[in-house]
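As stored in data-v9.cif (mmCIF, C-alpha atoms):
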data_final
loop_
_atom_site.group_PDB
_atom_site.id
_atom_site.type_symbol
_atom_site.label_atom_id
_atom_site.label_comp_id
_atom_site.auth_asym_id
_atom_site.auth_seq_id
_atom_site.Cartn_x
_atom_site.Cartn_y
_atom_site.Cartn_z
ATOM 1 C CA MET A 84 -14.560 13.575 -21.651
ATOM 2 C CA ASP A 85 -12.330 16.065 -19.852
ATOM 3 C CA THR A 86 -13.902 14.962 -16.572
ATOM 4 C CA LEU A 87 -12.997 11.369 -17.336
ATOM 5 C CA TYR A 88 -9.412 12.390 -18.027
ATOM 6 C CA THR A 89 -9.284 14.575 -14.931
ATOM 7 C CA GLU A 90 -10.576 11.815 -12.698
ATOM 8 C CA ARG A 91 -8.634 8.867 -14.089
ATOM 9 C CA CYS A 92 -5.515 10.054 -15.880
ATOM 10 C CA LEU A 93 -4.454 13.472 -14.699
ATOM 11 C CA GLY A 94 -2.848 12.239 -11.481
ATOM 12 C CA CYS A 95 0.016 10.714 -13.456
ATOM 13 C CA HIS A 96 -0.207 12.214 -16.941
ATOM 14 C CA GLY A 97 -0.828 15.834 -15.921
ATOM 15 C CA LEU A 98 -2.939 18.638 -17.358
ATOM 16 C CA SER A 99 -1.212 18.562 -20.716
ATOM 17 C CA GLY A 100 -0.250 14.893 -20.957
ATOM 18 C CA ARG A 101 3.423 15.547 -20.289
ATOM 19 C CA GLY A 102 3.644 12.949 -17.553
ATOM 20 C CA ASP A 103 3.952 15.584 -14.845
ATOM 21 C CA GLY A 104 0.806 14.906 -12.799
ATOM 22 C CA PRO A 105 0.796 15.368 -9.039
ATOM 23 C CA ILE A 106 1.642 11.746 -8.230
ATOM 24 C CA ALA A 107 4.038 11.138 -11.133
ATOM 25 C CA ALA A 108 7.103 12.112 -9.127
ATOM 26 C CA GLY A 109 6.401 9.352 -6.603
ATOM 27 C CA LEU A 110 6.226 6.597 -9.192
ATOM 28 C CA PRO A 111 9.201 4.294 -9.734
ATOM 29 C CA VAL A 112 9.134 4.794 -13.490
ATOM 30 C CA PRO A 113 8.726 8.002 -15.517
ATOM 31 C CA THR A 114 5.257 8.667 -16.873
ATOM 32 C CA PRO A 115 5.359 8.987 -20.671
ATOM 33 C CA ASP A 116 4.957 12.357 -22.346
ATOM 34 C CA PHE A 117 2.081 11.980 -24.824
ATOM 35 C CA ARG A 118 3.845 14.292 -27.276
ATOM 36 C CA GLU A 119 6.680 11.804 -27.563
ATOM 37 C CA THR A 120 4.835 8.517 -27.364
ATOM 38 C CA VAL A 121 1.303 8.855 -28.710
ATOM 39 C CA GLN A 122 1.912 10.180 -32.201
ATOM 40 C CA ARG A 123 3.619 7.015 -33.337
ATOM 41 C CA LYS A 124 1.098 4.635 -31.793
ATOM 42 C CA SER A 125 -1.952 3.365 -33.604
ATOM 43 C CA THR A 126 -5.379 4.031 -32.163
ATOM 44 C CA SER A 127 -5.891 0.330 -31.500
ATOM 45 C CA ARG A 128 -2.594 0.199 -29.597
ATOM 46 C CA ILE A 129 -3.564 3.187 -27.441
ATOM 47 C CA ARG A 130 -6.957 1.628 -26.812
ATOM 48 C CA ARG A 131 -5.321 -1.625 -25.750
ATOM 49 C CA ILE A 132 -2.985 0.134 -23.327
ATOM 50 C CA ILE A 133 -5.896 1.989 -21.726
ATOM 51 C CA ALA A 134 -8.058 -1.129 -21.541
ATOM 52 C CA GLU A 135 -5.400 -3.620 -20.439
ATOM 53 C CA GLY A 136 -2.994 -1.356 -18.591
ATOM 54 C CA GLN A 137 0.738 -1.230 -19.002
ATOM 55 C CA GLY A 138 3.266 -1.547 -16.216
ATOM 56 C CA ILE A 139 1.755 0.119 -13.195
ATOM 57 C CA MET A 140 -0.830 1.989 -15.244
ATOM 58 C CA PRO A 141 -4.314 0.704 -14.363
ATOM 59 C CA ALA A 142 -6.293 -1.441 -16.781
ATOM 60 C CA TYR A 143 -9.539 0.429 -17.372
ATOM 61 C CA HIS A 144 -11.409 -2.553 -18.741
ATOM 62 C CA PRO A 145 -13.813 -3.661 -17.326
ATOM 63 C CA ALA A 146 -14.190 -0.613 -15.079
ATOM 64 C CA LEU A 147 -14.998 1.635 -18.020
ATOM 65 C CA ARG A 148 -17.328 0.921 -20.916
ATOM 66 C CA PRO A 149 -15.955 0.829 -24.490
ATOM 67 C CA PRO A 150 -17.362 4.305 -25.350
ATOM 68 C CA GLU A 151 -15.600 5.736 -22.304
ATOM 69 C CA ILE A 152 -12.340 4.109 -23.354
ATOM 70 C CA SER A 153 -12.868 5.614 -26.812
ATOM 71 C CA ASP A 154 -13.226 9.010 -25.143
ATOM 72 C CA MET A 155 -9.946 8.446 -23.344
ATOM 73 C CA VAL A 156 -8.240 7.553 -26.616
ATOM 74 C CA GLN A 157 -9.519 10.781 -28.145
ATOM 75 C CA MET A 158 -8.292 12.842 -25.216
ATOM 76 C CA VAL A 159 -4.871 11.209 -25.318
ATOM 77 C CA ARG A 160 -4.630 11.972 -29.037
ATOM 78 C CA PHE A 161 -5.773 15.527 -28.405
ATOM 79 C CA LEU A 162 -3.165 16.135 -25.719
ATOM 80 C CA SER A 163 -0.395 14.644 -27.816
ATOM 81 C CA ARG A 164 -0.270 17.860 -29.829
ATOM 82 C CA GLU A 165 2.170 20.502 -28.649
ATOM 83 C CA GLY A 166 0.762 23.252 -26.489
ATOM 84 C CA ARG A 167 -2.533 21.633 -25.553
ATOM 85 C CA ASP A 168 -3.989 20.920 -22.160
ATOM 86 C CA ILE A 169 -7.372 19.776 -20.959
ATOM 87 C CA SER A 170 -8.699 23.328 -20.637
ATOM 88 C CA TRP A 171 -8.476 23.507 -24.455
ATOM 89 C CA TRP A 172 -10.725 20.520 -24.758
ATOM 90 C CA GLU A 173 -13.615 22.351 -23.150
ATOM 91 C CA LYS A 174 -13.249 25.185 -25.636
ATOM 92 C CA TYR A 175 -13.080 22.914 -28.652
ATOM 93 C CA ASP A 176 -15.803 20.609 -27.474
ATOM 94 C CA THR A 177 -18.278 23.430 -26.885
ATOM 95 C CA LEU A 178 -17.775 24.865 -30.329
ATOM 96 C CA VAL A 179 -17.693 21.592 -32.173
ATOM 97 C CA VAL A 180 -20.864 20.380 -30.528
ATOM 98 C CA ALA A 181 -22.740 23.663 -30.623
ATOM 99 C CA HIS A 182 -21.745 25.215 -33.910
ATOM 100 C CA CYS A 183 -20.235 22.704 -36.223
ATOM 101 C CA SER A 184 -21.432 19.634 -37.979
ATOM 102 C CA VAL A 185 -17.870 18.653 -38.761
ATOM 103 C CA PRO A 186 -16.662 15.453 -37.099
ATOM 104 C CA TRP A 187 -14.468 16.554 -34.258
ATOM 105 C CA GLU A 188 -11.633 14.228 -35.263
ATOM 106 C CA VAL A 189 -11.312 16.179 -38.482
ATOM 107 C CA ALA A 190 -11.739 19.557 -36.782
ATOM 108 C CA LEU A 191 -8.998 18.828 -34.320
ATOM 109 C CA GLY A 192 -6.721 17.540 -36.998
ATOM 110 C CA PHE A 193 -5.381 14.422 -35.369
ATOM 111 C CA ASP A 194 -7.151 11.763 -37.325
ATOM 112 C CA GLU A 195 -6.917 11.998 -41.058
ATOM 113 C CA PRO A 196 -10.268 11.763 -42.818
ATOM 114 C CA SER A 197 -10.627 8.708 -44.947
ATOM 115 C CA GLU A 198 -10.160 9.234 -48.632
ATOM 116 C CA GLU A 199 -13.286 9.576 -50.634
ATOM 117 C CA LYS A 200 -13.864 6.682 -52.930
ATOM 118 C CA LYS A 201 -14.070 7.589 -56.540
ATOM 119 C CA PRO A 202 -17.229 6.422 -58.219
ATOM 120 C CA MET B 92 -7.105 29.230 -42.762
ATOM 121 C CA SER B 93 -7.491 25.724 -41.423
ATOM 122 C CA LEU B 94 -10.582 24.684 -39.582
ATOM 123 C CA SER B 95 -8.519 24.251 -36.425
ATOM 124 C CA ALA B 96 -7.235 27.814 -36.695
ATOM 125 C CA ILE B 97 -10.778 29.115 -37.197
ATOM 126 C CA LEU B 98 -11.881 27.261 -34.132
ATOM 127 C CA ILE B 99 -9.047 28.709 -32.081
ATOM 128 C CA PHE B 100 -9.938 32.202 -33.271
ATOM 129 C CA CYS B 101 -13.601 31.691 -32.437
ATOM 130 C CA VAL B 102 -12.765 30.409 -29.023
ATOM 131 C CA ALA B 103 -10.450 33.280 -28.260
ATOM 132 C CA ASN B 104 -13.109 35.819 -29.228
ATOM 133 C CA ALA B 105 -15.883 34.057 -27.484
ATOM 134 C CA GLY B 106 -13.809 34.323 -24.351
ATOM 135 C CA LEU B 107 -14.646 30.856 -23.251
ATOM 136 C CA LEU B 108 -12.470 30.084 -20.352
ATOM 137 C CA PHE B 109 -12.136 26.869 -18.574
ATOM 138 C CA ALA B 110 -9.901 26.295 -15.649
ATOM 139 C CA ALA B 111 -9.312 22.745 -14.697
ATOM 140 C CA THR B 112 -9.695 22.642 -11.004
ATOM 141 C CA VAL B 113 -7.917 19.546 -10.082
ATOM 142 C CA HIS B 114 -7.103 19.009 -6.506
ATOM 143 C CA PHE B 115 -5.115 15.976 -5.604
ATOM 144 C CA GLU B 116 -4.797 16.280 -1.915
ATOM 145 C CA HIS B 117 -2.321 13.733 -0.755
ATOM 146 C CA GLN B 118 -2.629 13.242 2.910
ATOM 147 C CA LYS B 119 0.588 13.570 4.785
ATOM 148 C CA LEU B 120 1.743 10.190 5.961
ATOM 149 C CA GLU B 121 0.784 9.443 9.511
ATOM 150 C CA ARG B 122 2.282 6.526 11.421
ATOM 151 C CA ARG B 123 0.457 5.245 14.457
ATOM 152 C CA GLU B 124 1.274 2.512 16.919
ATOM 153 C CA VAL B 125 -2.012 0.767 17.646
ATOM 154 C CA HIS B 126 -3.380 -2.380 19.272
ATOM 155 C CA ILE B 127 -6.437 -3.489 17.338
ATOM 156 C CA PRO B 128 -7.314 -7.205 17.268
ATOM 157 C CA ILE B 129 -8.396 -8.260 13.794
ATOM 158 C CA GLN B 130 -11.391 -10.544 13.612
ATOM 159 C CA ASP B 131 -11.149 -13.639 11.461
ATOM 160 C CA PHE B 132 -12.329 -13.297 7.868
ATOM 161 C CA SER B 133 -12.389 -15.272 4.652
ATOM 162 C CA LEU B 134 -12.020 -13.712 1.228
ATOM 163 C CA THR B 135 -11.026 -14.869 -2.255
ATOM 164 C CA ASP B 136 -7.535 -14.391 -3.651
ATOM 165 C CA GLN B 137 -6.298 -13.647 -7.163
ATOM 166 C CA SER B 138 -6.202 -17.373 -7.949
ATOM 167 C CA ASN B 139 -9.840 -17.786 -6.931
ATOM 168 C CA GLN B 140 -8.766 -19.642 -3.784
ATOM 169 C CA ILE B 141 -10.266 -19.058 -0.359
ATOM 170 C CA PHE B 142 -8.001 -16.961 1.846
ATOM 171 C CA LYS B 143 -8.533 -17.507 5.554
ATOM 172 C CA PHE B 144 -7.038 -14.890 7.818
ATOM 173 C CA GLN B 145 -6.853 -17.436 10.637
ATOM 174 C CA SER B 146 -4.485 -19.605 8.579
ATOM 175 C CA PHE B 147 -1.868 -16.865 8.591
ATOM 176 C CA LYS B 148 -1.608 -16.461 12.345
ATOM 177 C CA GLY B 149 2.007 -16.869 13.320
ATOM 178 C CA LYS B 150 3.089 -14.757 10.377
ATOM 179 C CA LEU B 151 3.587 -11.038 10.239
ATOM 180 C CA LEU B 152 1.130 -9.496 7.797
ATOM 181 C CA LEU B 153 1.558 -6.297 5.841
ATOM 182 C CA VAL B 154 -1.906 -5.290 4.638
ATOM 183 C CA ASP B 155 -2.996 -2.418 2.446
ATOM 184 C CA PHE B 156 -6.362 -1.314 1.109
ATOM 185 C CA ALA B 157 -6.393 -0.283 -2.510
ATOM 186 C CA TYR B 158 -8.083 -0.967 -5.852
ATOM 187 C CA THR B 159 -6.755 -1.663 -9.300
ATOM 188 C CA THR B 160 -8.128 1.349 -11.185
ATOM 189 C CA CYS B 161 -7.169 3.855 -8.502
ATOM 190 C CA PRO B 162 -5.666 6.942 -10.148
ATOM 191 C CA ASP B 163 -4.320 8.401 -6.937
ATOM 192 C CA VAL B 164 -2.497 6.917 -3.945
ATOM 193 C CA CYS B 165 -2.984 3.183 -4.584
ATOM 194 C CA PRO B 166 -0.205 2.878 -7.176
ATOM 195 C CA LEU B 167 2.164 4.516 -4.703
ATOM 196 C CA MET B 168 0.996 2.219 -1.911
ATOM 197 C CA THR B 169 1.455 -0.845 -4.111
ATOM 198 C CA VAL B 170 4.910 0.288 -5.177
ATOM 199 C CA ALA B 171 5.833 0.728 -1.504
ATOM 200 C CA MET B 172 4.540 -2.768 -0.706
ATOM 201 C CA ARG B 173 6.531 -4.138 -3.610
ATOM 202 C CA SER B 174 9.653 -2.405 -2.287
ATOM 203 C CA VAL B 175 9.116 -3.996 1.114
ATOM 204 C CA GLN B 176 8.755 -7.399 -0.516
ATOM 205 C CA ASP B 177 11.938 -6.851 -2.514
ATOM 206 C CA GLU B 178 13.878 -5.861 0.589
ATOM 207 C CA LEU B 179 12.859 -8.871 2.658
ATOM 208 C CA LYS B 180 15.740 -11.196 3.334
ATOM 209 C CA ALA B 181 15.373 -14.828 2.308
ATOM 210 C CA ALA B 182 14.881 -15.916 5.906
ATOM 211 C CA GLU B 183 12.183 -13.260 6.417
ATOM 212 C CA ARG B 184 10.105 -14.281 3.440
ATOM 213 C CA ASN B 185 8.638 -17.247 5.278
ATOM 214 C CA LEU B 186 7.755 -15.074 8.263
ATOM 215 C CA VAL B 187 5.974 -12.337 6.375
ATOM 216 C CA HIS B 188 2.921 -12.299 4.125
ATOM 217 C CA LEU B 189 1.663 -9.291 2.172
ATOM 218 C CA ILE B 190 -2.004 -8.684 1.471
ATOM 219 C CA MET B 191 -3.874 -6.198 -0.667
ATOM 220 C CA VAL B 192 -7.572 -5.987 0.147
ATOM 221 C CA THR B 193 -9.585 -4.380 -2.616
ATOM 222 C CA THR B 194 -11.880 -1.463 -1.916
ATOM 223 C CA ASP B 195 -13.689 -1.980 -5.214
ATOM 224 C CA PRO B 196 -15.163 -5.487 -5.459
ATOM 225 C CA GLU B 197 -17.433 -4.369 -8.296
ATOM 226 C CA VAL B 198 -14.441 -4.234 -10.648
ATOM 227 C CA ASP B 199 -11.719 -6.173 -8.845
ATOM 228 C CA SER B 200 -12.529 -9.791 -9.601
ATOM 229 C CA PRO B 201 -9.853 -12.448 -8.981
ATOM 230 C CA ALA B 202 -8.881 -12.260 -12.664
ATOM 231 C CA VAL B 203 -8.529 -8.473 -12.530
ATOM 232 C CA LEU B 204 -6.417 -8.762 -9.381
ATOM 233 C CA ALA B 205 -4.224 -11.430 -10.988
ATOM 234 C CA SER B 206 -3.622 -9.168 -13.962
ATOM 235 C CA PHE B 207 -2.839 -6.276 -11.611
ATOM 236 C CA ALA B 208 -0.314 -8.386 -9.690
ATOM 237 C CA LYS B 209 1.316 -9.462 -12.919
ATOM 238 C CA ARG B 210 1.727 -5.871 -14.096
ATOM 239 C CA TYR B 211 3.457 -4.989 -10.830
ATOM 240 C CA ARG B 212 5.628 -8.089 -11.187
ATOM 241 C CA VAL B 213 5.085 -9.117 -7.601
ATOM 242 C CA ASP B 214 6.172 -12.415 -6.140
ATOM 243 C CA LEU B 215 2.905 -14.183 -5.356
ATOM 244 C CA SER B 216 4.568 -16.716 -3.061
ATOM 245 C CA ASN B 217 3.991 -14.379 -0.121
ATOM 246 C CA TRP B 218 1.519 -11.809 -1.412
ATOM 247 C CA SER B 219 -2.242 -12.254 -1.756
ATOM 248 C CA PHE B 220 -4.666 -9.932 -3.513
ATOM 249 C CA LEU B 221 -8.095 -10.280 -1.961
ATOM 250 C CA THR B 222 -11.625 -9.639 -3.072
ATOM 251 C CA GLY B 223 -15.049 -10.990 -2.227
ATOM 252 C CA ALA B 224 -18.669 -10.089 -1.783
ATOM 253 C CA GLU B 225 -19.131 -6.491 -0.757
ATOM 254 C CA SER B 226 -20.863 -7.612 2.450
ATOM 255 C CA SER B 227 -17.815 -9.708 3.417
ATOM 256 C CA LEU B 228 -15.391 -6.964 2.497
ATOM 257 C CA ALA B 229 -17.407 -4.353 4.383
ATOM 258 C CA LYS B 230 -16.786 -6.265 7.616
ATOM 259 C CA VAL B 231 -13.052 -6.349 6.918
ATOM 260 C CA TRP B 232 -12.965 -2.649 6.020
ATOM 261 C CA LYS B 233 -14.821 -1.842 9.219
ATOM 262 C CA ASN B 234 -12.544 -4.012 11.349
ATOM 263 C CA PHE B 235 -9.487 -2.219 9.975
ATOM 264 C CA GLY B 236 -11.187 1.179 10.241
ATOM 265 C CA VAL B 237 -11.174 1.763 6.506
ATOM 266 C CA GLY B 238 -13.904 3.973 5.077
ATOM 267 C CA VAL B 239 -14.967 3.228 1.515
ATOM 268 C CA LYS B 240 -17.181 5.408 -0.641
ATOM 269 C CA ARG B 241 -17.934 4.561 -4.253
ATOM 270 C CA LYS B 242 -17.942 7.621 -6.544
ATOM 271 C CA ALA B 243 -18.389 5.960 -9.935
ATOM 272 C CA ARG B 244 -17.660 2.636 -11.545
ATOM 273 C CA GLY B 245 -13.962 2.041 -10.975
ATOM 274 C CA LEU B 246 -13.566 5.179 -8.865
ATOM 275 C CA VAL B 247 -13.619 4.873 -5.089
ATOM 276 C CA ASP B 248 -12.690 7.096 -2.175
ATOM 277 C CA HIS B 249 -11.141 5.109 0.634
ATOM 278 C CA THR B 250 -8.933 5.449 3.660
ATOM 279 C CA PRO B 251 -5.378 4.929 2.396
ATOM 280 C CA LEU B 252 -4.303 2.480 5.064
ATOM 281 C CA THR B 253 -1.254 0.248 5.155
ATOM 282 C CA ALA B 254 -0.995 -1.791 8.350
ATOM 283 C CA ILE B 255 1.203 -4.339 10.054
ATOM 284 C CA ILE B 256 -0.566 -7.211 11.798
ATOM 285 C CA ASP B 257 1.491 -9.124 14.306
ATOM 286 C CA GLN B 258 1.763 -12.897 14.649
ATOM 287 C CA LYS B 259 -1.227 -12.961 17.006
ATOM 288 C CA GLY B 260 -3.531 -11.189 14.578
ATOM 289 C CA VAL B 261 -3.334 -7.756 16.194
ATOM 290 C CA MET B 262 -2.838 -4.590 14.174
ATOM 291 C CA ARG B 263 0.265 -2.927 15.634
ATOM 292 C CA PHE B 264 1.263 -0.244 13.158
ATOM 293 C CA ALA B 265 -1.007 1.801 10.916
ATOM 294 C CA TYR B 266 0.244 4.141 8.203
ATOM 295 C CA TYR B 267 -2.296 6.548 6.762
ATOM 296 C CA GLY B 268 -1.846 8.570 3.608
ATOM 297 C CA THR B 269 0.477 8.323 0.690
ATOM 298 C CA ALA B 270 2.724 5.305 0.594
ATOM 299 C CA PRO B 271 4.795 4.734 3.711
ATOM 300 C CA ASP B 272 8.569 4.647 3.485
ATOM 301 C CA PRO B 273 9.487 0.981 2.902
ATOM 302 C CA LYS B 274 12.489 1.343 5.202
ATOM 303 C CA MET B 275 10.265 2.528 8.035
ATOM 304 C CA VAL B 276 7.859 -0.370 7.449
ATOM 305 C CA LEU B 277 10.706 -2.883 7.392
ATOM 306 C CA ARG B 278 12.111 -1.439 10.614
ATOM 307 C CA ASP B 279 8.716 -1.726 12.329
ATOM 308 C CA MET B 280 8.249 -5.272 11.040
ATOM 309 C CA ARG B 281 11.681 -6.325 12.237
ATOM 310 C CA THR B 282 10.948 -4.818 15.641
ATOM 311 C CA LEU B 283 7.895 -7.058 15.921
ATOM 312 C CA VAL B 284 9.824 -10.109 14.747
ATOM 313 C CA SER B 285 12.498 -9.478 17.360
ATOM 314 C CA GLN B 286 9.851 -9.095 20.104
ATOM 315 C CA ARG B 287 8.396 -12.491 19.382
#
So, in terms of structure tokens, how does the structure I just supplied come out?
Amino acid sequence: MDTLYTERCLGCHGLSGRGDGPIAAGLPVPTPDFRETVQRKSTSRIRRIIAEGQGIMPAYHPALRPPEISDMVQMVRFLSREGRDISWWEKYDTLVVAHCSVPWEVALGFDEPSEEKKP
Amino acid sequence: MSLSAILIFCVANAGLLFAATVHFEHQKLERREVHIPIQDFSLTDQSNQIFKFQSFKGKLLLVDFAYTTCPDVCPLMTVAMRSVQDELKAAERNLVHLIMVTTDPEVDSPAVLASFAKRYRVDLSNWSFLTGAESSLAKVWKNFGVGVKRKARGLVDHTPLTAIIDQKGVMRFAYYGTAPDPKMVLRDMRTLVSQR
């Protein structure tokens, strides 16, 4: 997932999603800072932006498959938290996959678990 | 202690380190005066219409090679092309045609190119976005001296070329690397127009 972000997004969005990637300065419009823009967007909205593009941001559908776009959504959500960058993802991902059976969305705390239905 | 905090603690103690080694090496722009005749070709534009290079002889062409999902120099190249288009005077618009030739025909269908053009808000009256069969495109890439290497679906390494083709179909200026300065391109184009 971090590789996908590194290859496709980092150039503009930067290591920590602040919009300070190596080509961002050459763009005619500022690249959004995930910390300011992602929190208030729904997952479906983020998915649509990644798939269909927005402004000069590429549209990743049909280049990427839906699961890959889902991975991008997760990474964007992850980076929208203060103080995170993609190097953190590798740490989390290793532990979550290797040692935990907890869904990573819950472990990372950016997607509220659904409420349990009372019998 | 929250699960997130536990995870952070575990990670810190495990000493797992990961350094993102990202290397975006933007080539320094190189401008060359050249004299390379371009062979005739036919491709398909963003409206699914046949584009014949021969039909545009007599016009000055500004051509770049890019692809829609490029995360590197292509957005900068397209923005530079757009700036050139914006700066053209009304009288120049009929003398100049802009062309983007895709380096990723696997993804860049006419519909994808049309959507790309719309997002960049380009004026399609004198700008064509071209795709086609890879075999047809390969001949065009080769003729322009553009190397193309597919890395993954929607991810392609290619020579970042922007070029000016004169009214006789000869490449006269080639700009390699990150987007050329639109003012420099306009100056070179106007030099060719005045030489006509």
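Here atom CA of Val154 of chain B is placed at a distance of 22.2 Å from atom CA of Ala142 of chain A.
In terms of minimum interatomic distance to Ala134 of chain A, B:Ser206 ranks closest within B:Ser206, B:Pro196, B:Leu151, B:Asp279, counting all atoms listed in the file.
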Inset, instruction - Kindly indicate which residue among B:Phe144, B:Phe207, B:Phe156, B:Phe235 lies nearest to Gly268 of chain B, using all atoms listed in the file for the distances. - result: B:Phe156
Inset, instruction - Could you check how far atom CA of Thr282 of chain B sits from atom CA of Thr169 of chain B, in Å to one decimal? - result: 22.3 Å
Inset, instruction - Within 10 Å of Val276 of chain B, counting only C-alpha atoms, which residues show up once you throw out same-chain ones fewer than 3 positions away? Write them as a VMD selection string, please. - result: chain B and resid 122 153 171 to 172 175 253 to 255 264 to 266 271 to 273 279 to 282
Legend entry - Selection result of the PyMOL selection byres ((chain B and resi 209-223) around 6) on this file, as a VMD selection string: (chain A and resid 138 to 139) or (chain B and resid 134 to 137 188 to 193 196 206 to 208 224)
Inset, instruction - Excluding segment 122-129 of chain A and any residue of its chain fewer than 3 positions from it, enumerate the residues within 8 Å of it, using all atoms listed in the file, and give them as a list in words. - result: Phe117, Arg118, Glu119, Ile132, Ile133, Val156, Arg160 and Ser163 of chain A
Legend entry - 7 Å contact set for Ile129 of chain B, all atoms listed in the file, chain neighbours under 2 positions out, as an MDAnalysis selection string: chainID B and resid 127 131 234 260:262
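Applied to the file shown here, the PyMOL selection byres ((chain A and resi 144) around 10) selects Arg131, Ile132, Ile133, Ala134, Glu135, Gly136, Pro141, Ala142, Tyr143, Pro145, Ala146, Leu147, Arg148, Pro149, Glu151 and Ile152 of chain A; Thr160, Val198, Val203 and Gly245 of chain B.
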Completion step: segment 208-224 of chain B with N, CA and C atoms as an mmCIF file, in the coordinates of the input:
data_model
loop_
_atom_site.group_PDB
_atom_site.id
_atom_site.type_symbol
_atom_site.label_atom_id
_atom_site.label_comp_id
_atom_site.auth_asym_id
_atom_site.auth_seq_id
_atom_site.Cartn_x
_atom_site.Cartn_y
_atom_site.Cartn_z
ATOM 1 N N ALA B 208 -1.530 -7.868 -10.328
ATOM 2 C CA ALA B 208 -0.314 -8.386 -9.690
ATOM 3 C C ALA B 208 0.775 -8.658 -10.723
ATOM 4 N N LYS B 209 0.355 -9.153 -11.860
ATOM 5 C CA LYS B 209 1.316 -9.462 -12.919
ATOM 6 C C LYS B 209 1.973 -8.179 -13.435
ATOM 7 N N ARG B 210 1.165 -7.129 -13.591
ATOM 8 C CA ARG B 210 1.727 -5.871 -14.096
ATOM 9 C C ARG B 210 2.736 -5.277 -13.124
ATOM 10 N N TYR B 211 2.509 -5.498 -11.843
ATOM 11 C CA TYR B 211 3.457 -4.989 -10.830
ATOM 12 C C TYR B 211 4.614 -5.947 -10.586
ATOM 13 N N ARG B 212 4.568 -7.078 -11.276
ATOM 14 C CA ARG B 212 5.628 -8.089 -11.187
ATOM 15 C C ARG B 212 5.928 -8.470 -9.738
ATOM 16 N N VAL B 213 4.877 -8.749 -9.005
ATOM 17 C CA VAL B 213 5.085 -9.117 -7.601
ATOM 18 C C VAL B 213 5.321 -10.618 -7.512
ATOM 19 N N ASP B 214 5.956 -11.004 -6.426
ATOM 20 C CA ASP B 214 6.172 -12.415 -6.140
ATOM 21 C C ASP B 214 4.948 -12.897 -5.360
ATOM 22 N N LEU B 215 4.160 -13.760 -5.982
ATOM 23 C CA LEU B 215 2.905 -14.183 -5.356
ATOM 24 C C LEU B 215 3.103 -15.271 -4.299
ATOM 25 N N SER B 216 4.354 -15.674 -4.068
ATOM 26 C CA SER B 216 4.568 -16.716 -3.061
ATOM 27 C C SER B 216 4.253 -16.211 -1.658
ATOM 28 N N ASN B 217 4.372 -14.900 -1.431
ATOM 29 C CA ASN B 217 3.991 -14.379 -0.121
ATOM 30 C C ASN B 217 3.216 -13.060 -0.229
ATOM 31 N N TRP B 218 2.367 -13.004 -1.241
ATOM 32 C CA TRP B 218 1.519 -11.809 -1.412
ATOM 33 C C TRP B 218 0.171 -12.265 -1.974
ATOM 34 N N SER B 219 -0.888 -11.906 -1.295
ATOM 35 C CA SER B 219 -2.242 -12.254 -1.756
ATOM 36 C C SER B 219 -3.042 -10.987 -2.050
ATOM 37 N N PHE B 220 -3.798 -11.044 -3.120
ATOM 38 C CA PHE B 220 -4.666 -9.932 -3.513
ATOM 39 C C PHE B 220 -6.098 -10.412 -3.307
ATOM 40 N N LEU B 221 -6.822 -9.733 -2.417
ATOM 41 C CA LEU B 221 -8.095 -10.280 -1.961
ATOM 42 C C LEU B 221 -9.305 -9.481 -2.414
ATOM 43 N N THR B 222 -10.341 -10.236 -2.748
ATOM 44 C CA THR B 222 -11.625 -9.639 -3.072
ATOM 45 C C THR B 222 -12.714 -10.519 -2.464
ATOM 46 N N GLY B 223 -13.942 -10.200 -2.764
ATOM 47 C CA GLY B 223 -15.049 -10.990 -2.227
ATOM 48 C C GLY B 223 -16.353 -10.235 -2.382
ATOM 49 N N ALA B 224 -17.375 -10.772 -1.757
ATOM 50 C CA ALA B 224 -18.669 -10.089 -1.783
ATOM 51 C C ALA B 224 -18.537 -8.793 -0.993
#
